[in-house]
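Participant: Contents are mmCIF, C-alpha atoms (C1' of nucleotides); file name upload-v6.cif:
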data_start
loop_
_atom_site.label_atom_id
_atom_site.label_comp_id
_atom_site.auth_asym_id
_atom_site.auth_seq_id
_atom_site.Cartn_x
_atom_site.Cartn_y
_atom_site.Cartn_z
CA MET A 1 17.96 25.97 19.06
CA ALA A 2 18.61 25.69 15.33
CA LEU A 3 18.54 22.09 14.21
CA SER A 4 19.65 20.28 11.12
CA ILE A 5 17.32 17.70 9.65
CA GLY A 6 19.50 14.97 11.10
CA GLN A 7 19.23 16.43 14.59
CA LEU A 8 15.49 16.80 14.20
CA ALA A 9 15.30 13.18 13.11
CA GLN A 10 17.27 12.10 16.15
CA ARG A 11 15.19 14.15 18.58
CA THR A 12 11.86 12.95 17.20
CA GLY A 13 12.70 9.47 16.07
CA VAL A 14 11.38 10.21 12.59
CA HIS A 15 13.56 9.24 9.64
CA ILE A 16 15.13 12.02 7.62
CA GLU A 17 13.41 10.84 4.45
CA THR A 18 10.10 10.78 6.24
CA ILE A 19 10.58 14.36 7.44
CA ARG A 20 11.19 15.49 3.88
CA TYR A 21 8.20 13.43 2.81
CA PHE A 22 6.00 15.11 5.43
CA GLU A 23 7.14 18.46 4.11
CA LYS A 24 6.41 17.46 0.53
CA VAL A 25 2.87 16.35 1.29
CA GLY A 26 2.16 19.41 3.38
CA LEU A 27 2.08 17.87 6.83
CA LEU A 28 5.10 19.79 8.05
CA ASP A 29 5.82 23.42 7.20
CA ALA A 30 8.81 24.04 4.98
CA PRO A 31 11.60 25.30 7.22
CA SER A 32 14.06 28.09 6.50
CA ARG A 33 17.30 27.22 4.78
CA THR A 34 20.97 27.95 5.02
CA ASP A 35 22.67 29.81 2.17
CA GLY A 36 23.66 26.43 0.83
CA GLY A 37 20.12 25.11 0.89
CA HIS A 38 20.19 22.92 3.98
CA ARG A 39 17.01 22.85 6.05
CA VAL A 40 17.15 24.66 9.40
CA TYR A 41 14.56 23.73 12.02
CA ALA A 42 13.51 25.50 15.20
CA GLU A 43 12.08 24.22 18.46
CA ARG A 44 8.52 24.56 17.23
CA ASP A 45 9.27 22.08 14.46
CA VAL A 46 10.18 19.49 17.04
CA ARG A 47 6.76 19.93 18.58
CA ALA A 48 5.01 19.96 15.21
CA LEU A 49 6.74 16.81 14.09
CA GLY A 50 6.01 15.13 17.41
CA PHE A 51 2.37 16.01 16.94
CA ILE A 52 2.34 14.47 13.48
CA LYS A 53 4.17 11.40 14.67
CA ARG A 54 1.78 10.74 17.54
CA ALA A 55 -1.25 11.29 15.35
CA ARG A 56 0.10 8.87 12.75
CA GLU A 57 0.88 6.32 15.44
CA LEU A 58 -2.73 6.58 16.56
CA GLY A 59 -3.71 5.67 13.04
CA PHE A 60 -4.93 9.05 11.85
CA ALA A 61 -4.52 9.29 8.09
CA PRO A 62 -2.29 12.11 6.80
CA ALA A 63 -5.35 14.01 5.59
CA GLU A 64 -6.87 13.75 9.06
CA VAL A 65 -3.65 14.95 10.63
CA ARG A 66 -3.69 17.96 8.34
CA ALA A 67 -7.31 18.66 9.21
CA ILE A 68 -6.75 18.38 12.95
CA ARG A 69 -3.68 20.57 12.79
CA ASP A 70 -5.43 23.24 10.76
CA LEU A 71 -8.54 23.19 12.94
CA GLY A 72 -6.40 23.38 16.04
CA GLY A 73 -4.45 26.31 14.69
CA PRO A 74 -5.43 29.96 14.98
CA GLY A 75 -7.63 30.40 18.03
CA ARG A 76 -8.36 26.69 18.24
CA ALA A 77 -12.05 27.47 18.01
CA CYS A 78 -13.12 24.27 16.33
CA CYS A 79 -13.02 21.66 19.03
CA ASP A 80 -16.21 20.05 17.76
CA GLU A 81 -14.78 19.48 14.30
CA VAL A 82 -11.65 17.94 15.74
CA ARG A 83 -13.88 15.83 17.92
CA ASP A 84 -15.81 14.65 14.84
CA ILE A 85 -12.62 13.46 13.23
CA ALA A 86 -11.57 11.67 16.38
CA VAL A 87 -14.98 10.06 16.85
CA HIS A 88 -15.02 8.90 13.24
CA HIS A 89 -11.58 7.48 13.69
CA LEU A 90 -12.64 5.77 16.89
CA GLU A 91 -15.50 4.12 15.02
CA GLN A 92 -13.10 2.79 12.43
CA VAL A 93 -10.82 1.47 15.13
CA ARG A 94 -13.73 -0.31 16.79
CA SER A 95 -14.87 -1.83 13.54
CA LYS A 96 -11.36 -3.03 12.80
CA MET A 97 -11.23 -4.53 16.29
CA ALA A 98 -14.48 -6.38 15.69
CA ASP A 99 -13.15 -7.77 12.41
CA LEU A 100 -10.01 -8.97 14.11
CA ALA A 101 -11.98 -10.50 16.96
CA ARG A 102 -14.07 -12.55 14.52
CA LEU A 103 -10.91 -13.57 12.76
CA GLU A 104 -9.24 -14.47 16.00
CA ARG A 105 -12.10 -16.73 17.05
CA LEU A 106 -12.11 -18.53 13.72
CA LEU A 107 -8.35 -19.00 13.64
CA ALA A 108 -8.14 -20.04 17.26
CA SER A 109 -10.88 -22.64 17.01
CA THR A 110 -9.47 -23.92 13.74
CA VAL A 111 -5.99 -24.29 15.13
CA GLU A 112 -7.41 -26.01 18.18
CA HIS A 113 -9.04 -28.64 15.98
CA CYS A 114 -5.79 -29.19 14.18
CA SER A 115 -4.18 -32.44 15.11
CA GLY A 116 -0.85 -31.09 14.00
CA GLY A 117 0.52 -34.39 12.85
CA HIS A 118 1.53 -35.68 9.48
CA VAL A 119 -1.98 -36.66 8.56
CA PRO A 120 -4.05 -36.01 5.49
CA GLU A 121 -6.62 -34.01 7.44
CA CYS A 122 -5.92 -30.38 8.14
CA ALA A 123 -8.50 -28.23 9.86
CA VAL A 124 -6.90 -25.05 8.54
CA ILE A 125 -7.10 -26.15 4.94
CA ASP A 126 -10.59 -27.53 5.43
CA MET A 127 -11.69 -24.19 6.79
CA LEU A 128 -10.24 -22.35 3.84
CA GLU A 129 -11.64 -24.83 1.34
CA ARG A 130 -15.19 -25.06 2.49
CA THR A 131 -17.18 -23.36 -0.20
CA MET B 132 -18.11 -25.66 -16.90
CA ALA B 133 -15.73 -23.56 -18.97
CA LEU B 134 -15.63 -20.01 -17.69
CA SER B 135 -14.30 -16.77 -19.04
CA ILE B 136 -12.36 -14.53 -16.70
CA GLY B 137 -15.38 -12.29 -16.38
CA GLN B 138 -17.60 -15.19 -15.33
CA LEU B 139 -15.00 -16.34 -12.85
CA ALA B 140 -14.85 -12.84 -11.46
CA GLN B 141 -18.61 -12.75 -11.07
CA ARG B 142 -18.79 -16.14 -9.42
CA THR B 143 -16.02 -15.43 -6.93
CA GLY B 144 -16.43 -11.72 -6.40
CA VAL B 145 -12.79 -11.14 -7.29
CA HIS B 146 -12.00 -8.37 -9.78
CA ILE B 147 -10.76 -9.38 -13.20
CA GLU B 148 -7.57 -7.41 -12.75
CA THR B 149 -6.98 -9.08 -9.41
CA ILE B 150 -7.40 -12.52 -10.96
CA ARG B 151 -4.76 -11.67 -13.55
CA TYR B 152 -2.62 -10.26 -10.75
CA PHE B 153 -2.95 -13.49 -8.75
CA GLU B 154 -1.87 -15.41 -11.81
CA LYS B 155 1.11 -13.13 -12.35
CA VAL B 156 2.38 -13.50 -8.79
CA GLY B 157 1.88 -17.26 -8.81
CA LEU B 158 -1.09 -17.55 -6.46
CA LEU B 159 -3.39 -18.90 -9.15
CA ASP B 160 -2.34 -21.38 -11.83
CA ALA B 161 -2.30 -20.07 -15.38
CA PRO B 162 -5.40 -21.40 -17.11
CA SER B 163 -5.67 -22.77 -20.61
CA ARG B 164 -6.49 -20.38 -23.42
CA THR B 165 -8.71 -20.14 -26.45
CA ASP B 166 -7.08 -19.94 -29.87
CA GLY B 167 -7.47 -16.20 -29.60
CA GLY B 168 -5.68 -16.05 -26.27
CA HIS B 169 -8.61 -15.61 -23.89
CA ARG B 170 -8.29 -17.34 -20.54
CA VAL B 171 -10.55 -20.36 -20.01
CA TYR B 172 -11.21 -21.48 -16.45
CA ALA B 173 -12.65 -24.71 -15.08
CA GLU B 174 -14.61 -25.50 -11.95
CA ARG B 175 -11.46 -26.20 -9.95
CA ASP B 176 -10.32 -22.63 -10.58
CA VAL B 177 -13.45 -21.37 -8.87
CA ARG B 178 -12.50 -23.37 -5.81
CA ALA B 179 -8.85 -22.33 -5.99
CA LEU B 180 -9.72 -18.67 -6.27
CA GLY B 181 -12.25 -18.97 -3.46
CA PHE B 182 -9.53 -20.49 -1.32
CA ILE B 183 -7.19 -17.63 -2.08
CA LYS B 184 -9.89 -15.07 -1.48
CA ARG B 185 -10.85 -16.47 1.91
CA ALA B 186 -7.24 -16.77 2.99
CA ARG B 187 -6.57 -13.18 1.97
CA GLU B 188 -9.69 -12.00 3.80
CA LEU B 189 -8.38 -13.73 6.90
CA GLY B 190 -5.28 -11.62 6.55
CA PHE B 191 -2.86 -14.28 5.33
CA ALA B 192 -0.13 -12.68 3.24
CA PRO B 193 0.21 -13.88 -0.37
CA ALA B 194 3.37 -15.77 0.52
CA GLU B 195 1.51 -17.52 3.32
CA VAL B 196 -1.33 -18.39 0.98
CA ARG B 197 1.16 -19.90 -1.44
CA ALA B 198 2.77 -21.87 1.37
CA ILE B 199 -0.51 -23.19 2.74
CA ARG B 200 -1.71 -24.13 -0.73
CA ASP B 201 1.52 -25.93 -1.57
CA LEU B 202 1.65 -27.72 1.79
CA GLY B 203 -1.94 -28.74 1.44
CA GLY B 204 -1.41 -30.10 -2.02
CA PRO B 205 -0.25 -33.60 -2.90
CA GLY B 206 -1.12 -35.94 -0.09
CA ARG B 207 -1.68 -33.09 2.37
CA ALA B 208 0.89 -34.63 4.66
CA CYS B 209 2.05 -31.43 6.30
CA CYS B 210 -0.70 -30.41 8.65
CA ASP B 211 1.78 -29.32 11.29
CA GLU B 212 3.47 -26.86 8.96
CA VAL B 213 0.14 -25.38 7.95
CA ARG B 214 -0.70 -25.18 11.61
CA ASP B 215 2.54 -23.28 12.28
CA ILE B 216 1.61 -20.68 9.72
CA ALA B 217 -1.87 -20.33 11.16
CA VAL B 218 -0.57 -20.09 14.73
CA HIS B 219 1.95 -17.45 13.74
CA HIS B 220 -0.76 -15.54 11.98
CA LEU B 221 -3.00 -15.83 15.00
CA GLU B 222 -0.27 -14.32 17.15
CA GLN B 223 -0.03 -11.37 14.82
CA VAL B 224 -3.78 -10.90 14.89
CA ARG B 225 -3.75 -10.91 18.67
CA SER B 226 -0.94 -8.40 18.83
CA LYS B 227 -2.77 -6.15 16.39
CA MET B 228 -5.89 -6.45 18.52
CA ALA B 229 -3.95 -5.41 21.61
CA ASP B 230 -2.58 -2.37 19.79
CA LEU B 231 -6.05 -1.36 18.69
CA ALA B 232 -7.44 -1.87 22.17
CA ARG B 233 -4.85 0.51 23.65
CA LEU B 234 -5.64 2.98 20.94
CA GLU B 235 -9.36 2.62 21.49
CA ARG B 236 -9.03 3.35 25.19
CA LEU B 237 -6.96 6.47 24.57
CA LEU B 238 -9.25 7.79 21.87
CA ALA B 239 -12.41 7.00 23.78
CA SER B 240 -11.27 8.68 26.98
CA THR B 241 -9.97 11.65 25.04
CA VAL B 242 -13.19 12.13 23.13
CA GLU B 243 -15.10 11.81 26.36
CA HIS B 244 -13.17 14.70 27.85
CA CYS B 245 -13.88 16.79 24.81
CA SER B 246 -16.40 19.49 25.49
CA GLY B 247 -17.21 19.64 21.82
CA GLY B 248 -18.01 23.31 21.73
CA HIS B 249 -16.40 26.25 20.06
CA VAL B 250 -13.90 26.72 22.80
CA PRO B 251 -10.16 27.16 22.73
CA GLU B 252 -9.56 23.94 24.68
CA CYS B 253 -9.57 20.67 22.81
CA ALA B 254 -8.78 17.44 24.56
CA VAL B 255 -7.87 15.74 21.28
CA ILE B 256 -5.31 18.34 20.35
CA ASP B 257 -3.98 18.48 23.90
CA MET B 258 -3.49 14.73 23.82
CA LEU B 259 -1.59 14.94 20.58
CA GLU B 260 0.46 17.91 21.69
CA ARG B 261 1.65 16.72 25.04
CA THR B 262 5.32 16.16 24.63
"C1'" DT C 263 -21.02 -13.69 -44.45
"C1'" DG C 264 -20.72 -9.35 -42.54
"C1'" DT C 265 -21.05 -6.25 -38.77
"C1'" DG C 266 -21.47 -4.42 -34.45
"C1'" DC C 267 -20.39 -4.45 -29.77
"C1'" DC C 268 -18.96 -6.19 -25.54
"C1'" DA C 269 -15.51 -8.79 -23.33
"C1'" DC C 270 -10.98 -9.69 -23.18
"C1'" DC C 271 -5.87 -9.07 -24.10
"C1'" DT C 272 -1.11 -6.93 -22.75
"C1'" DG C 273 1.49 -3.52 -20.82
"C1'" DT C 274 2.08 0.42 -18.24
"C1'" DA C 275 1.14 3.73 -14.74
"C1'" DG C 276 -1.21 5.16 -10.63
"C1'" DT C 277 -2.40 4.53 -5.56
"C1'" DC C 278 -0.52 5.14 -0.31
"C1'" DG C 279 2.98 6.06 2.94
"C1'" DC C 280 6.85 5.79 3.15
"C1'" DT C 281 11.98 3.92 2.21
"C1'" DA C 282 16.17 3.60 -0.41
"C1'" DC C 283 19.15 4.78 -3.42
"C1'" DA C 284 22.54 7.91 -6.78
"C1'" DG C 285 25.20 11.59 -7.56
"C1'" DA C 286 26.11 16.28 -6.38
"C1'" DA C 287 26.64 19.92 -3.12
"C1'" DT C 288 27.34 21.80 1.61
"C1'" DC C 289 28.87 22.01 6.30
"C1'" DA C 290 31.95 21.69 10.30
"C1'" DA C 291 36.17 20.29 12.24
"C1'" DG C 292 41.10 20.05 12.08
"C1'" DC D 293 42.29 24.02 2.75
"C1'" DT D 294 41.17 19.53 3.02
"C1'" DT D 295 38.62 15.87 4.64
"C1'" DG D 296 34.64 13.30 5.76
"C1'" DA D 297 30.08 13.44 7.34
"C1'" DT D 298 25.82 15.36 6.36
"C1'" DT D 299 22.40 17.06 3.42
"C1'" DC D 300 20.51 18.15 -1.08
"C1'" DT D 301 17.30 16.78 -5.20
"C1'" DG D 302 15.23 13.55 -7.88
"C1'" DT D 303 13.91 9.13 -8.94
"C1'" DA D 304 12.70 4.37 -8.16
"C1'" DG D 305 11.06 0.65 -5.24
"C1'" DC D 306 7.84 -1.73 -1.93
"C1'" DG D 307 3.07 -4.50 -1.58
"C1'" DA D 308 -1.25 -5.50 -3.25
"C1'" DC D 309 -3.74 -4.21 -6.00
"C1'" DT D 310 -6.51 -0.83 -9.39
"C1'" DA D 311 -7.13 1.69 -13.58
"C1'" DC D 312 -6.40 2.87 -17.86
"C1'" DA D 313 -4.99 2.81 -23.17
"C1'" DG D 314 -4.90 0.84 -27.35
"C1'" DG D 315 -5.48 -3.31 -29.67
"C1'" DT D 316 -7.98 -8.19 -30.48
"C1'" DG D 317 -11.41 -11.99 -29.78
"C1'" DG D 318 -16.04 -13.95 -29.55
"C1'" DC D 319 -20.57 -14.15 -30.47
"C1'" DA D 320 -25.35 -12.70 -31.54
"C1'" DC D 321 -28.04 -10.93 -35.03
"C1'" DA D 322 -29.16 -9.56 -39.94
#
Would you encode the structure as structure tokens?

Facilitator:
Amino acid sequence: MALSIGQLAQRTGVHIETIRYFEKVGLLDAPSRTDGGHRVYAERDVRALGFIKRARELGFAPAEVRAIRDLGGPGRACCDEVRDIAVHHLEQVRSKMADLARLERLLASTVEHCSGGHVPECAVIDMLERT
Amino acid sequence: MALSIGQLAQRTGVHIETIRYFEKVGLLDAPSRTDGGHRVYAERDVRALGFIKRARELGFAPAEVRAIRDLGGPGRACCDEVRDIAVHHLEQVRSKMADLARLERLLASTVEHCSGGHVPECAVIDMLERT
DNA sequence: TGTGCCACCTGTAGTCGCTACAGAATCAAG
DNA sequence: CTTGATTCTGTAGCGACTACAGGTGGCACA
């Protein structure tokens, strides 16, 4: 029930340093402490940290994670604001995907034109050099 | 013909500080100087910086840019090595695209299930909270 | 020739999201 | 009570820039 930071790290797969970092930047609530000053976590911290971890894995910026968490807090009466954040994030993801797709096409076609031998022509370099 | 760093920046769209940074990390050759110590660039530096800029925009890491530039240098007899770098990079791009696609699907379907009103249920938060 | 002003110089520090120490203190087991 | 693992704080490092501070250089104009 009461967990040390190491146990929390093991259960969530988040590094100890990262847990302390999340606390420092206000993503994770500061836990209670032992008399000696060691952090003591409860079950709810496992959930909270899991939440943060998943949100970060989905590419939400720390500020967005904070916003979502706060909006989803007391009463959870702000679904539309959370939705806004998610939609905005989705747009960014789609734009990043489009960028990568363009990039992929260019790289793929360039590599395809590359003879690959020890010759003075190189499609990759030509592509990069064309002004 | 002879350009100041500011003119080079304007012609290439690369910030002055970034040009100096590229020089410091060995991406761009150190140019000649005036008696007073100001950098003086030639036309070939415009091309070199353009090359670096395009490669960076395509997501090549600085070390890769250095490698491509060096391989493409005297004689350009290493097309296959340049190709290797490009192919490896292409693989990374494709893997990143796959990650984003997964993410996009999850976000899109989540947002779709979101009622968006001032209600205590929020599909986004539920998605993040499910353990 | 002076003078004014912008551009440029170097060096350092800040950004973001962690990660990695160093050196001291605490905890749990034997 | 001792040992050894864990945790503590604080600071520095990463990559790839970006931004400043405080000090010169260059050049047009008078």

Participant: Neighbouring residues of DG318 in chain D were defined as those with any atom within 10 Å, considering all atoms listed in the file; residues of the same chain fewer than 6 positions away were excluded. Please report them as a PyMOL selection string.

Facilitator: (chain B and resi 167+169) or (chain C and resi 268-270)

Participant: Looking at A:Met97, A:Val14, A:Ala48, A:Leu90, which one is nearest to Arg261 in chain B, with distances taken over all atoms listed in the file?

Facilitator: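 Distance minimum relative to Arg261 in chain B lands on A:Ala48.
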
Participant: If chain B is fitted onto chain A by least squares over all C-alpha atoms, taken pair by pair in sequence order, what do its new coordinates look like as a CSV table (one decimal) with C-alpha atoms, in the frame of the given file?

Facilitator:
chain,number,residue,atom,x,y,z
B,132,MET,CA,18.0,25.6,19.1
B,133,ALA,CA,18.7,25.4,15.4
B,134,LEU,CA,18.6,21.8,14.2
B,135,SER,CA,19.6,20.0,11.1
B,136,ILE,CA,17.3,17.5,9.6
B,137,GLY,CA,19.4,14.7,11.0
B,138,GLN,CA,19.2,16.1,14.5
B,139,LEU,CA,15.4,16.5,14.1
B,140,ALA,CA,15.2,13.0,13.0
B,141,GLN,CA,17.1,11.8,16.0
B,142,ARG,CA,15.1,13.8,18.4
B,143,THR,CA,11.8,12.7,17.1
B,144,GLY,CA,12.5,9.2,15.9
B,145,VAL,CA,11.2,10.0,12.4
B,146,HIS,CA,13.4,9.1,9.4
B,147,ILE,CA,15.0,11.9,7.5
B,148,GLU,CA,13.2,10.8,4.3
B,149,THR,CA,9.9,10.7,6.1
B,150,ILE,CA,10.5,14.3,7.3
B,151,ARG,CA,11.1,15.4,3.8
B,152,TYR,CA,8.1,13.4,2.7
B,153,PHE,CA,5.9,15.2,5.3
B,154,GLU,CA,7.1,18.5,4.1
B,155,LYS,CA,6.3,17.5,0.5
B,156,VAL,CA,2.8,16.5,1.2
B,157,GLY,CA,2.1,19.6,3.4
B,158,LEU,CA,2.0,18.0,6.8
B,159,LEU,CA,5.1,19.8,8.0
B,160,ASP,CA,5.9,23.4,7.2
B,161,ALA,CA,8.9,24.0,5.0
B,162,PRO,CA,11.7,25.2,7.3
B,163,SER,CA,14.2,27.9,6.6
B,164,ARG,CA,17.5,27.0,4.9
B,165,THR,CA,21.1,27.7,5.1
B,166,ASP,CA,22.8,29.6,2.3
B,167,GLY,CA,23.8,26.2,0.9
B,168,GLY,CA,20.3,24.9,1.0
B,169,HIS,CA,20.3,22.7,4.0
B,170,ARG,CA,17.1,22.7,6.1
B,171,VAL,CA,17.3,24.4,9.5
B,172,TYR,CA,14.6,23.5,12.0
B,173,ALA,CA,13.6,25.2,15.3
B,174,GLU,CA,12.2,24.0,18.5
B,175,ARG,CA,8.6,24.4,17.3
B,176,ASP,CA,9.3,21.9,14.5
B,177,VAL,CA,10.2,19.3,17.0
B,178,ARG,CA,6.8,19.8,18.6
B,179,ALA,CA,5.0,19.9,15.2
B,180,LEU,CA,6.7,16.7,14.0
B,181,GLY,CA,6.0,15.0,17.4
B,182,PHE,CA,2.3,15.9,16.9
B,183,ILE,CA,2.3,14.5,13.4
B,184,LYS,CA,4.0,11.3,14.6
B,185,ARG,CA,1.7,10.7,17.5
B,186,ALA,CA,-1.4,11.3,15.3
B,187,ARG,CA,-0.1,8.9,12.7
B,188,GLU,CA,0.7,6.3,15.3
B,189,LEU,CA,-2.9,6.6,16.5
B,190,GLY,CA,-3.9,5.8,12.9
B,191,PHE,CA,-5.1,9.2,11.8
B,192,ALA,CA,-4.7,9.5,8.0
B,193,PRO,CA,-2.5,12.3,6.8
B,194,ALA,CA,-5.5,14.3,5.6
B,195,GLU,CA,-7.0,13.9,9.1
B,196,VAL,CA,-3.7,15.1,10.6
B,197,ARG,CA,-3.8,18.1,8.4
B,198,ALA,CA,-7.4,18.9,9.3
B,199,ILE,CA,-6.8,18.5,13.0
B,200,ARG,CA,-3.7,20.7,12.9
B,201,ASP,CA,-5.4,23.4,10.9
B,202,LEU,CA,-8.5,23.3,13.1
B,203,GLY,CA,-6.4,23.5,16.2
B,204,GLY,CA,-4.4,26.4,14.9
B,205,PRO,CA,-5.3,30.1,15.2
B,206,GLY,CA,-7.5,30.5,18.2
B,207,ARG,CA,-8.4,26.8,18.4
B,208,ALA,CA,-12.0,27.6,18.2
B,209,CYS,CA,-13.1,24.4,16.5
B,210,CYS,CA,-13.1,21.8,19.1
B,211,ASP,CA,-16.3,20.2,17.9
B,212,GLU,CA,-14.9,19.7,14.4
B,213,VAL,CA,-11.7,18.1,15.8
B,214,ARG,CA,-14.0,16.0,18.0
B,215,ASP,CA,-15.9,14.8,14.9
B,216,ILE,CA,-12.8,13.6,13.3
B,217,ALA,CA,-11.7,11.8,16.4
B,218,VAL,CA,-15.1,10.2,16.9
B,219,HIS,CA,-15.2,9.1,13.3
B,220,HIS,CA,-11.8,7.6,13.7
B,221,LEU,CA,-12.8,5.9,16.9
B,222,GLU,CA,-15.7,4.3,15.0
B,223,GLN,CA,-13.3,2.9,12.4
B,224,VAL,CA,-11.0,1.6,15.1
B,225,ARG,CA,-13.9,-0.2,16.7
B,226,SER,CA,-15.1,-1.7,13.5
B,227,LYS,CA,-11.6,-2.9,12.8
B,228,MET,CA,-11.4,-4.4,16.2
B,229,ALA,CA,-14.7,-6.3,15.6
B,230,ASP,CA,-13.3,-7.7,12.3
B,231,LEU,CA,-10.1,-8.9,14.0
B,232,ALA,CA,-12.1,-10.4,16.9
B,233,ARG,CA,-14.2,-12.5,14.4
B,234,LEU,CA,-11.0,-13.5,12.7
B,235,GLU,CA,-9.3,-14.4,15.9
B,236,ARG,CA,-12.1,-16.6,17.0
B,237,LEU,CA,-12.1,-18.5,13.7
B,238,LEU,CA,-8.3,-18.9,13.6
B,239,ALA,CA,-8.1,-19.9,17.2
B,240,SER,CA,-10.8,-22.6,17.0
B,241,THR,CA,-9.4,-23.8,13.7
B,242,VAL,CA,-5.9,-24.1,15.2
B,243,GLU,CA,-7.3,-25.9,18.2
B,244,HIS,CA,-8.8,-28.5,16.0
B,245,CYS,CA,-5.6,-29.0,14.2
B,246,SER,CA,-3.9,-32.3,15.2
B,247,GLY,CA,-0.6,-30.8,14.1
B,248,GLY,CA,0.9,-34.1,13.0
B,249,HIS,CA,2.0,-35.4,9.7
B,250,VAL,CA,-1.5,-36.5,8.7
B,251,PRO,CA,-3.5,-35.9,5.6
B,252,GLU,CA,-6.2,-34.0,7.5
B,253,CYS,CA,-5.6,-30.3,8.2
B,254,ALA,CA,-8.2,-28.2,9.9
B,255,VAL,CA,-6.7,-25.0,8.6
B,256,ILE,CA,-6.8,-26.1,5.0
B,257,ASP,CA,-10.3,-27.6,5.4
B,258,MET,CA,-11.5,-24.3,6.8
B,259,LEU,CA,-10.1,-22.4,3.8
B,260,GLU,CA,-11.4,-25.0,1.3
B,261,ARG,CA,-14.9,-25.3,2.4
B,262,THR,CA,-16.9,-23.7,-0.3

Participant: When the PyMOL selection byres ((chain A and resi 66) around 12) is applied to the file above, which residues end up in the set, as number ranges by chain?

Facilitator: A: 22-23, 25-29, 48-49, 51-52, 55-56, 60-65, 67-73, 82, 85

Participant: Determine, for each residue of chain D having at least one atom at most 12 Å from an atom of chain A, the closest pair of atoms and their separation in Å to one decimal, counting all atoms listed in the file; order by chain and ascending number, as a tab-separated table.

Facilitator:
residue	atom	partner	partner_atom	distance
D:DA297	C1'	A:Gly6	CA	11.3
D:DT298	C1'	A:Gly6	CA	7.9
D:DT299	C1'	A:His38	CA	6.3
D:DC300	C1'	A:His38	CA	7.0
D:DT301	C1'	A:Gly37	CA	10.7

Participant: Can you tell me, as a list in words, what residues are no more than 12 Å from DT303 in chain D when counting only C-alpha atoms (C1' of nucleotides), ignoring any on the same chain fewer than 6 positions away?

Facilitator: DA282, DC283, DA284 and DG285 of chain C

Participant: So the first atom is CA of Arg142 in chain B and the second is C1' of DA311 in chain D; what is the distance between them in Å, to one decimal place?

Facilitator: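 Distance reported for this atom pair: 21.7 Å.
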
Participant: Kindly give the distance, in Å, that separates C1' of DT277 in chain C and CA of Gly181 in chain B, rounded to a single decimal.

Facilitator: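 CA of Gly181 in chain B lies 25.6 Å from C1' of DT277 in chain C.
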